[in-house]
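So the structure is just underneath, and the comments pick up after that.
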Amino acid sequence: MRQYIAIISILLAAAALLPALAYATPTQDEAQRLYQAYGDAVYQVQVIDLTSKKKTSIGSGFQFTKDGLIATNYHVVAEALQRPDHNRMEFLNDKGETGPLKIEIVDVVHDVAIVKMDHPGKMWLSLGTSKLSKGTQLFSIGNPHDISFTIIEGTFNGFSKDSFVDNIHFSGALNPGMSGGPAIGHDGAVAGINVATAGNDIGFLVPVEPLKDLYARYLKLPAGYNFVDHANAHIQDQLLASQDHNINELLSNKKWESFPFGPVMVPGHIHDALKCWGGASHKEEDPFESYFSICSSQDRLFLDNDFDTGAVLFRYNYIVGKDKLNLVRFYNLYQGLFSVPQADFQNVKEGDASNFDCNSHFVDIAGFRWKSNFCIRQYKKYPAIFDMQLYMAMVGAGKKGFTVTLMAQGVSKQNALALARRFMSEIKPGKGAS
């Protein structure tokens, strides 16, 4: 009898689980349901070199209007925009069908582009919102590594806090080739656009709101307007607005954090968009001890292959000669450190910007004399935009040397000067060597 009672108890327990299992099945099949319902609105976006007939870049995109407008990332179509005489664009759907695409408008700051098909598809996605609760389930669709169309489950984890431009932190396995594809909710509405991966299921999405704003700007363009013919002017305006916002964010902070480094007090953590780290070298064979600190923004605006902009960086190097190093040898060594560090602008090609124009002079700051170099160079396609470098080296301090580097990419000349002046004014007397 006890055996029968035990069996009945097991059966009753199993029966109690059936409703939960039945409820779980749709959740387990949710990705399949969403792809079947909305997958036809997603395309691969290809840029093809006219000479070799080979793809130079691939990404993903999604139709979001009845008349065939497709949203994707700017970096997916940049090659076609920057060199329209050498490239063409086309789409590929999951049925293997292809067709031409035309660039309608781009936003380089938020990495968004709108392109158009000649013959609209029958399916398009609605634009939702990125104002979601942390942990909200999202589904990203794209064509990773040119393999096949894929849907990835992940979660919304709020917005990145280490950038001047808000991006969604998406916990999902985004891969190259998925850039420009949609991240949708259970209702099929777009919350964000795939843009980048940091590996280990750490991805980033452009919030859907910049796409909405870009679409509103597109609707205001004159009928028959060819955006490609006027792209440089539009991009320059976008860069000017972006850098003005970023530099004002830095300058409007009335009290910069400072910290003692070597013989002076220097700016440290001045904005959440700039991350700081440091270190020291105490090798026995070196004739000096050296220390460094560096703070750098995480932002990089992609303009073209090998042409990024938008970075802000400042760095300190402090060296102290050991007893065995005489003053003459120390100054020979120290002089070798005083050079404009152009390697930090390695993501700008020679043809994209002029040579640096530098002014050198001596200044007295924080009780020390400094040799100072202020350099700027102009972008060729966007002549209102400059790169700036301020490089300073302390002189006359015996066997102690201190260098300061401040760099800002993609700024107006006015903002370059304002940032350099503020930075120099924030260097204060310290309490002696560290």
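Residue numbering restarts at 1 in every chain; chains get A, B, ... in the order shown in the structure tokens, and ligands count up from 1 in that same order.
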List as an MDAnalysis selection string the protein and nucleic acid residues near A:Val395, meaning an atom at most 12 Å away when only C-alpha atoms are counted, but skip any in the same chain fewer than 5 places from it. chainID A and resid 330:331 334:335 338 362:365 367:372 400:403
Who sits within 10 Å of A:Lys116, only C-alpha atoms, same chain under 3 positions skipped, as a ChimeraX atom specification: /A:63,65,67-71,90-91,100-105,119-120
Now that the selection is made, can you save its residues with C-alpha atoms as a JSON list (two decimals), in the first residue's frame?
[["chain", "number", "residue", "atom", "x", "y", "z"],
["A", 63, "GLN", "CA", 13.58, 47.90, -43.06],
["A", 65, "THR", "CA", 9.26, 52.03, -43.27],
["A", 67, "ASP", "CA", 8.62, 52.62, -48.66],
["A", 68, "GLY", "CA", 11.84, 50.63, -48.23],
["A", 69, "LEU", "CA", 14.07, 52.64, -45.90],
["A", 70, "ILE", "CA", 16.67, 50.45, -44.17],
["A", 71, "ALA", "CA", 18.55, 51.41, -40.99],
["A", 90, "GLU", "CA", 23.46, 46.13, -52.26],
["A", 91, "PHE", "CA", 21.29, 44.09, -49.88],
["A", 100, "PRO", "CA", 20.83, 47.95, -54.98],
["A", 101, "LEU", "CA", 20.89, 50.35, -52.04],
["A", 102, "LYS", "CA", 21.28, 54.13, -51.95],
["A", 103, "ILE", "CA", 22.54, 56.21, -49.03],
["A", 104, "GLU", "CA", 19.89, 58.69, -47.89],
["A", 105, "ILE", "CA", 21.43, 60.23, -44.74],
["A", 119, "HIS", "CA", 11.68, 47.87, -54.38],
["A", 120, "PRO", "CA", 10.53, 47.78, -50.73]]
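For the pair atom CA of A:Pro263 and atom CA of A:Leu406, the interatomic distance is 18.5 Å.
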Please give the complete set of residues from stretch 25-149 of chain A that DSSP, run on the backbone, assigns to alpha helix (DSSP H), formatted as a count of residues only. 22
Which residue is closest to A:Lys431? Choose from A:Phe374, A:Phe261, A:Phe292, A:Tyr391 and count only C-alpha atoms.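 Once distances to A:Lys431 are computed over only C-alpha atoms, the minimum belongs to A:Phe261.
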Stretch 45-144 of chain A: which residues are strand (DSSP E or B) by DSSP, as a VMD selection string? chain A and resid 45 to 49 55 to 63 69 to 72 87 to 92 98 to 107 112 to 117 127 137 to 142
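With atom CA of A:His245 on one side and atom CA of A:Glu426 on the other, the separation reads 21.0 Å.
Atom CA of A:Ile270 is positioned 5.1 Å from atom CA of A:Trp256.
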Could you pull the residues within 12 Å of A:His269, counting only C-alpha atoms, minus those fewer than 2 positions along the same chain, as a PyMOL selection string? chain A and resi 250+253+255-259+266-267+271-277+293-297+313-315
Could you pull the residues within 8 Å of A:Gly321, counting only C-alpha atoms, minus those fewer than 3 positions along the same chain, as a list in words?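 Surrounding residues, per the criterion: Pro287, Phe288, Glu289, Leu325, Phe330, Lys399 and Lys400 of chain A.
Shortest separation to A:Asp306 among A:Gly268, A:Gly351, A:Pro207, A:Gly172 occurs at residue A:Gly351, atoms counted being only C-alpha atoms.
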Restricting to only C-alpha atoms, whichever of A:Gln32, A:Thr405, A:Ala198, A:Ile48 is closest to A:Asn317 is A:Thr405
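Nearest to A:Asp304 of all the residues A:His75, A:Lys322, A:Arg217, A:Lys54 is A:His75, based on only C-alpha atoms.
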